[in-house]
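Novice: Sharing upload37.csv, CSV, C-alpha atoms:
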```csv
chain,number,residue,atom,x,y,z
J,1008,MET,CA,88.6,151.8,100.7
J,1009,LYS,CA,91.9,150.9,99.0
J,1010,PRO,CA,92.2,147.6,97.0
J,1011,GLY,CA,94.4,146.1,99.7
J,1012,GLN,CA,91.9,146.8,102.4
J,1013,ILE,CA,89.1,145.3,100.3
J,1014,PHE,CA,91.1,142.1,99.9
J,1015,LYS,CA,91.7,141.9,103.7
J,1016,SER,CA,88.0,142.5,104.3
J,1017,ILE,CA,87.0,139.7,101.9
J,1018,ILE,CA,89.5,137.3,103.5
J,1019,SER,CA,88.2,138.2,107.0
J,1020,SER,CA,84.6,137.7,106.0
J,1021,MET,CA,85.5,134.3,104.4
J,1022,ALA,CA,87.3,133.2,107.6
J,1023,ALA,CA,84.3,134.2,109.7
J,1024,ILE,CA,82.0,132.2,107.4
J,1025,LEU,CA,84.3,129.1,107.7
J,1026,VAL,CA,84.3,129.4,111.5
J,1027,ALA,CA,80.5,129.6,111.5
J,1028,LEU,CA,80.2,126.6,109.3
J,1029,PHE,CA,82.5,124.6,111.5
J,1030,GLN,CA,80.5,125.5,114.6
J,1031,VAL,CA,77.3,124.4,112.8
J,1032,ALA,CA,79.0,121.1,111.9
J,1033,LEU,CA,80.1,120.6,115.5
J,1034,ALA,CA,76.5,121.3,116.8
J,1035,GLN,CA,75.1,118.7,114.3
J,1036,GLU,CA,77.6,116.1,115.5
J,1037,GLY,CA,76.5,116.6,119.1
J,1038,GLY,CA,79.3,118.8,120.1
J,1039,LYS,CA,82.0,116.2,119.2
J,1040,ALA,CA,84.9,117.2,117.0
J,1041,LEU,CA,85.3,115.1,113.9
J,1042,PRO,CA,88.3,112.8,114.0
J,1043,PRO,CA,91.2,113.9,111.8
J,1044,PRO,CA,91.3,112.3,108.4
J,1045,GLU,CA,93.1,108.9,108.3
J,1046,LYS,CA,96.5,108.7,106.8
J,1047,PRO,CA,96.2,107.0,103.4
J,1048,ALA,CA,97.1,103.3,103.6
J,1049,SER,CA,100.4,102.4,102.1
J,1050,LEU,CA,100.9,99.8,99.4
J,1051,MET,CA,101.1,96.3,100.9
J,1052,LEU,CA,102.1,93.0,99.3
J,1053,ALA,CA,99.4,90.6,100.5
J,1054,ARG,CA,100.5,87.5,98.6
J,1055,ALA,CA,103.5,86.4,96.5
J,1056,LEU,CA,104.3,83.0,95.1
J,1057,MET,CA,105.7,81.0,92.3
J,1058,CYS,CA,103.4,78.7,90.3
J,1059,GLU,CA,103.0,76.7,87.1
J,1060,GLY,CA,100.3,78.9,85.6
J,1061,ILE,CA,97.2,81.1,86.1
J,1062,LYS,CA,93.7,79.7,85.9
J,1063,GLU,CA,90.6,81.8,86.4
J,1064,PHE,CA,92.7,84.7,87.6
J,1065,GLU,CA,94.3,82.6,90.4
J,1066,PRO,CA,97.7,80.9,90.7
J,1067,HIS,CA,97.7,77.2,89.7
J,1068,ASN,CA,100.0,74.6,91.2
J,1069,GLN,CA,102.2,76.6,93.6
J,1070,THR,CA,105.8,75.2,93.5
J,1071,ILE,CA,109.4,76.1,93.9
J,1072,ILE,CA,110.7,73.3,91.5
J,1073,PHE,CA,110.1,73.8,87.8
J,1074,PRO,CA,111.1,71.1,85.3
J,1075,ALA,CA,112.3,72.8,82.2
J,1076,ALA,CA,109.9,70.5,80.2
J,1077,LEU,CA,107.0,72.4,81.9
J,1078,GLY,CA,108.0,75.3,79.6
J,1079,GLN,CA,107.3,78.2,81.9
J,1080,ALA,CA,107.6,79.6,85.4
J,1081,VAL,CA,105.1,82.2,86.8
J,1082,CYS,CA,105.4,84.8,89.5
J,1083,PHE,CA,102.1,85.8,91.0
J,1084,THR,CA,101.6,88.9,93.3
J,1085,ALA,CA,98.6,90.4,95.0
J,1086,PHE,CA,98.6,93.8,96.7
J,1087,ASP,CA,96.0,95.0,99.1
J,1088,PRO,CA,95.6,97.9,99.7
J,1089,VAL,CA,96.7,99.8,96.6
J,1090,PRO,CA,96.1,103.4,97.6
J,1091,GLU,CA,96.9,104.9,94.1
J,1092,LYS,CA,98.0,103.7,90.7
J,1093,THR,CA,101.5,102.3,91.2
J,1094,GLU,CA,104.1,100.6,89.2
J,1095,ILE,CA,106.0,97.6,90.6
J,1096,TYR,CA,108.6,95.3,89.0
J,1097,HIS,CA,109.2,91.5,88.8
J,1098,ASN,CA,113.0,91.2,88.4
J,1099,TRP,CA,114.0,87.7,87.4
J,1100,TYR,CA,117.6,86.4,88.1
J,1101,LYS,CA,119.3,83.2,87.2
J,1102,ARG,CA,122.3,82.5,89.4
J,1103,ASP,CA,122.2,86.2,90.5
J,1104,GLN,CA,122.4,87.4,86.9
J,1105,PRO,CA,119.5,89.5,85.6
J,1106,ARG,CA,117.5,87.6,83.0
J,1107,ALA,CA,114.2,89.6,82.7
J,1108,SER,CA,112.3,92.5,84.3
J,1109,PHE,CA,108.6,93.2,84.0
J,1110,LYS,CA,106.9,96.5,84.9
J,1111,LEU,CA,103.4,95.9,86.2
J,1112,THR,CA,100.8,98.5,86.9
J,1113,LEU,CA,98.6,98.2,90.0
J,1114,LYS,CA,95.3,100.1,90.4
J,1115,PRO,CA,93.2,100.8,93.5
J,1116,PRO,CA,91.8,99.5,95.7
J,1117,LYS,CA,93.6,96.1,95.3
J,1118,TRP,CA,95.3,94.4,92.4
J,1119,ALA,CA,96.8,91.1,91.5
J,1120,SER,CA,99.3,90.6,88.6
J,1121,PHE,CA,101.8,88.1,87.3
J,1122,SER,CA,104.8,87.7,85.0
J,1123,GLN,CA,106.2,84.6,83.4
J,1124,ILE,CA,109.3,83.4,81.6
J,1125,ARG,CA,109.7,80.6,79.1
J,1126,LEU,CA,111.9,77.7,80.3
J,1127,GLN,CA,114.5,75.6,78.3
J,1128,SER,CA,116.8,72.9,79.6
J,1129,SER,CA,119.7,75.4,79.6
J,1130,ASP,CA,117.8,77.3,82.3
J,1131,ALA,CA,118.4,74.6,84.9
J,1132,GLY,CA,119.7,76.0,88.2
J,1133,PRO,CA,118.8,78.4,91.0
J,1134,TRP,CA,116.6,81.4,90.3
J,1135,ARG,CA,114.9,84.2,92.1
J,1136,VAL,CA,112.4,87.0,91.5
J,1137,ASP,CA,112.7,90.3,93.4
J,1138,ILE,CA,109.4,92.1,93.7
J,1139,THR,CA,110.2,95.8,93.9
J,1140,ASN,CA,108.8,99.3,93.6
J,1141,ALA,CA,110.0,101.9,91.1
J,1142,ASN,CA,112.7,103.0,93.6
J,1143,GLY,CA,114.1,99.5,94.0
J,1144,LYS,CA,112.6,98.8,97.5
J,1145,VAL,CA,112.2,95.0,97.7
J,1146,PHE,CA,108.8,93.9,98.9
J,1147,LYS,CA,109.8,90.2,98.7
J,1148,THR,CA,112.2,87.8,97.1
J,1149,LEU,CA,110.9,84.5,95.8
J,1150,ARG,CA,113.5,81.7,95.2
J,1151,PHE,CA,113.0,78.6,93.0
J,1152,SER,CA,114.9,76.1,90.9
J,1153,VAL,CA,114.6,74.9,87.4
J,1154,THR,CA,115.5,71.3,86.7
J,1155,GLU,CA,116.4,69.6,83.4
```
When written as structure tokens, how does the structure in this file appear?

Specialist:
Amino acid sequence: MKPGQIFKSIISSMAAILVALFQVALAQEGGKALPPPEKPASLMLARALMCEGIKEFEPHNQTIIFPAALGQAVCFTAFDPVPEKTEIYHNWYKRDQPRASFKLTLKPPKWASFSQIRLQSSDAGPWRVDITNANGKVFKTLRFSVTE
């Protein structure tokens, strides 16, 4: 036999073994074909809010009005499911001008994270946080105000 013929013979034998194994699996399942594998779930934002702080890994005092004297504003996000390790961004804007961007890493099966900024009286005015993926797709925009 030539080397090419040997290779074809091996491949044919392997194919026959796989068919036999499949038939055995079908017989063990009562003759029912197994359902096709499910499509992996896509990343989903389950919860997003602005709050005064984080306590015991949960958002504390949800709000959309932040007195500058409070000293900080916090953006909290929770994703479920997280099918694979993924990076998201919290992009902070004051009066539509970029002020800060935080890259956050999410890990399966679900993940919550937050970012925060320090506030001063000069920060008074309208703000927003765009929660995006690495390609810039916006999951959600959170709007809030800082007061003096």

Novice: For J:Ser1049, list every protein, DNA or RNA residue within 12 Å, evaluated using only C-alpha atoms, and leave out those in the same chain fewer than 3 positions away; present the list as an MDAnalysis selection string.

Specialist: chainID J and resid 1045:1046 1052:1053 1086:1093 1115:1117

Novice: Restricting the calculation to all atoms listed in the file: of J:Val1136, J:Met1057, J:Ile1071, J:Met1051, which residue gets closest to J:Asn1098?

Specialist: J:Val1136

Novice: With distances taken over only C-alpha atoms, which residue among J:Thr1112, J:Thr1084, J:Gln1123, J:Ser1128 lies nearest J:Gly1060?

Specialist: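 Nearest to J:Gly1060: J:Gln1123.
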
Novice: So that I can check the surroundings of J:Glu1155, please list as a short mmCIF file (atom, residue, chain, number, x, y, z; two decimals) with C-alpha atoms, keeping the file's coordinate frame every protein, DNA and RNA residue that reaches within 8 Å of it, counting all atoms listed in the file and ignoring chain neighbours fewer than 3 positions away.

Specialist:
```
data_model
loop_
_atom_site.label_atom_id
_atom_site.label_comp_id
_atom_site.auth_asym_id
_atom_site.auth_seq_id
_atom_site.Cartn_x
_atom_site.Cartn_y
_atom_site.Cartn_z
CA PRO J 1074 111.10 71.10 85.30
CA ALA J 1075 112.30 72.80 82.20
CA ALA J 1076 109.90 70.50 80.20
CA SER J 1128 116.80 72.90 79.60
CA SER J 1129 119.70 75.40 79.60
CA ASP J 1130 117.80 77.30 82.30
CA ALA J 1131 118.40 74.60 84.90
#
```

Novice: Please provide as a compact mmCIF listing (two decimals) with C-alpha atoms, in the frame of the given file all residues within 9 Å of J:Thr1070, with the sequence filter that same-chain residues fewer than 2 positions apart are discarded (counting all atoms listed in the file).

Specialist:
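The result, stored in result-v9.txt:
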```txt
# COMPACT_ATOMS: atom_id res chain seq x y z
CA LEU J 1056 104.30 83.00 95.10
CA MET J 1057 105.70 81.00 92.30
CA CYS J 1058 103.40 78.70 90.30
CA GLU J 1059 103.00 76.70 87.10
CA ASN J 1068 100.00 74.60 91.20
CA ILE J 1072 110.70 73.30 91.50
CA PHE J 1073 110.10 73.80 87.80
CA PHE J 1151 113.00 78.60 93.00
```

Novice: Calculate how many Å separate atom CA of J:Phe1146 from atom CA of J:Gln1127, rounding to one decimal.

Specialist: 28.1 Å

Novice: With distances taken over all atoms listed in the file, which of J:Lys1144, J:Arg1054, J:Arg1106, J:Lys1114 is nearest to J:Cys1082?

Specialist: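 Checking each of J:Lys1144, J:Arg1054, J:Arg1106, J:Lys1114 against J:Cys1082, counting all atoms listed in the file, the winner is J:Arg1054.
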
Novice: Atom CA of J:Ile1095 and atom CA of J:Arg1150, how far apart in Å?

Specialist: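 Answer for the atom CA of J:Arg1150 to atom CA of J:Ile1095 separation: 18.2 Å.
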
Novice: Could you state the separation of atom CA of J:Ala1107 and atom CA of J:Ile1061 in Å, given to one decimal place?

Specialist: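 Answer for the atom CA of J:Ala1107 to atom CA of J:Ile1061 separation: 19.3 Å.
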
Novice: Find, counting only C-alpha atoms, the residue in J:Ser1108, J:Thr1148, J:Gln1079, J:Thr1154 that gets nearest to J:Pro1133.

Specialist: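 Under the stated criterion, the closest residue is J:Thr1154.
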
Novice: Excluding same-chain residues fewer than 5 positions from J:Tyr1096, what lies within 7 Å of it counting only C-alpha atoms, as a list in words?

Specialist: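 Returned residues: Ser1108, Phe1109, Lys1110, Leu1111, Ile1138, Thr1139 and Asn1140 of chain J.
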
Novice: May I have the selected residues written with C-alpha atoms, as a PDB file, keeping the file's coordinate frame?

Specialist:
```pdb
ATOM      1  CA  SER J1108     112.300  92.500  84.300  1.00  0.00           C
ATOM      2  CA  PHE J1109     108.600  93.200  84.000  1.00  0.00           C
ATOM      3  CA  LYS J1110     106.900  96.500  84.900  1.00  0.00           C
ATOM      4  CA  LEU J1111     103.400  95.900  86.200  1.00  0.00           C
ATOM      5  CA  ILE J1138     109.400  92.100  93.700  1.00  0.00           C
ATOM      6  CA  THR J1139     110.200  95.800  93.900  1.00  0.00           C
ATOM      7  CA  ASN J1140     108.800  99.300  93.600  1.00  0.00           C
TER       8      ASN J1140
END
```

Novice: In terms of the shortest atom-to-atom distance over only C-alpha atoms, which of J:Ala1055, J:Ala1141, J:Ala1085, J:Ile1124 is closest to J:Val1153?

Specialist: J:Ile1124
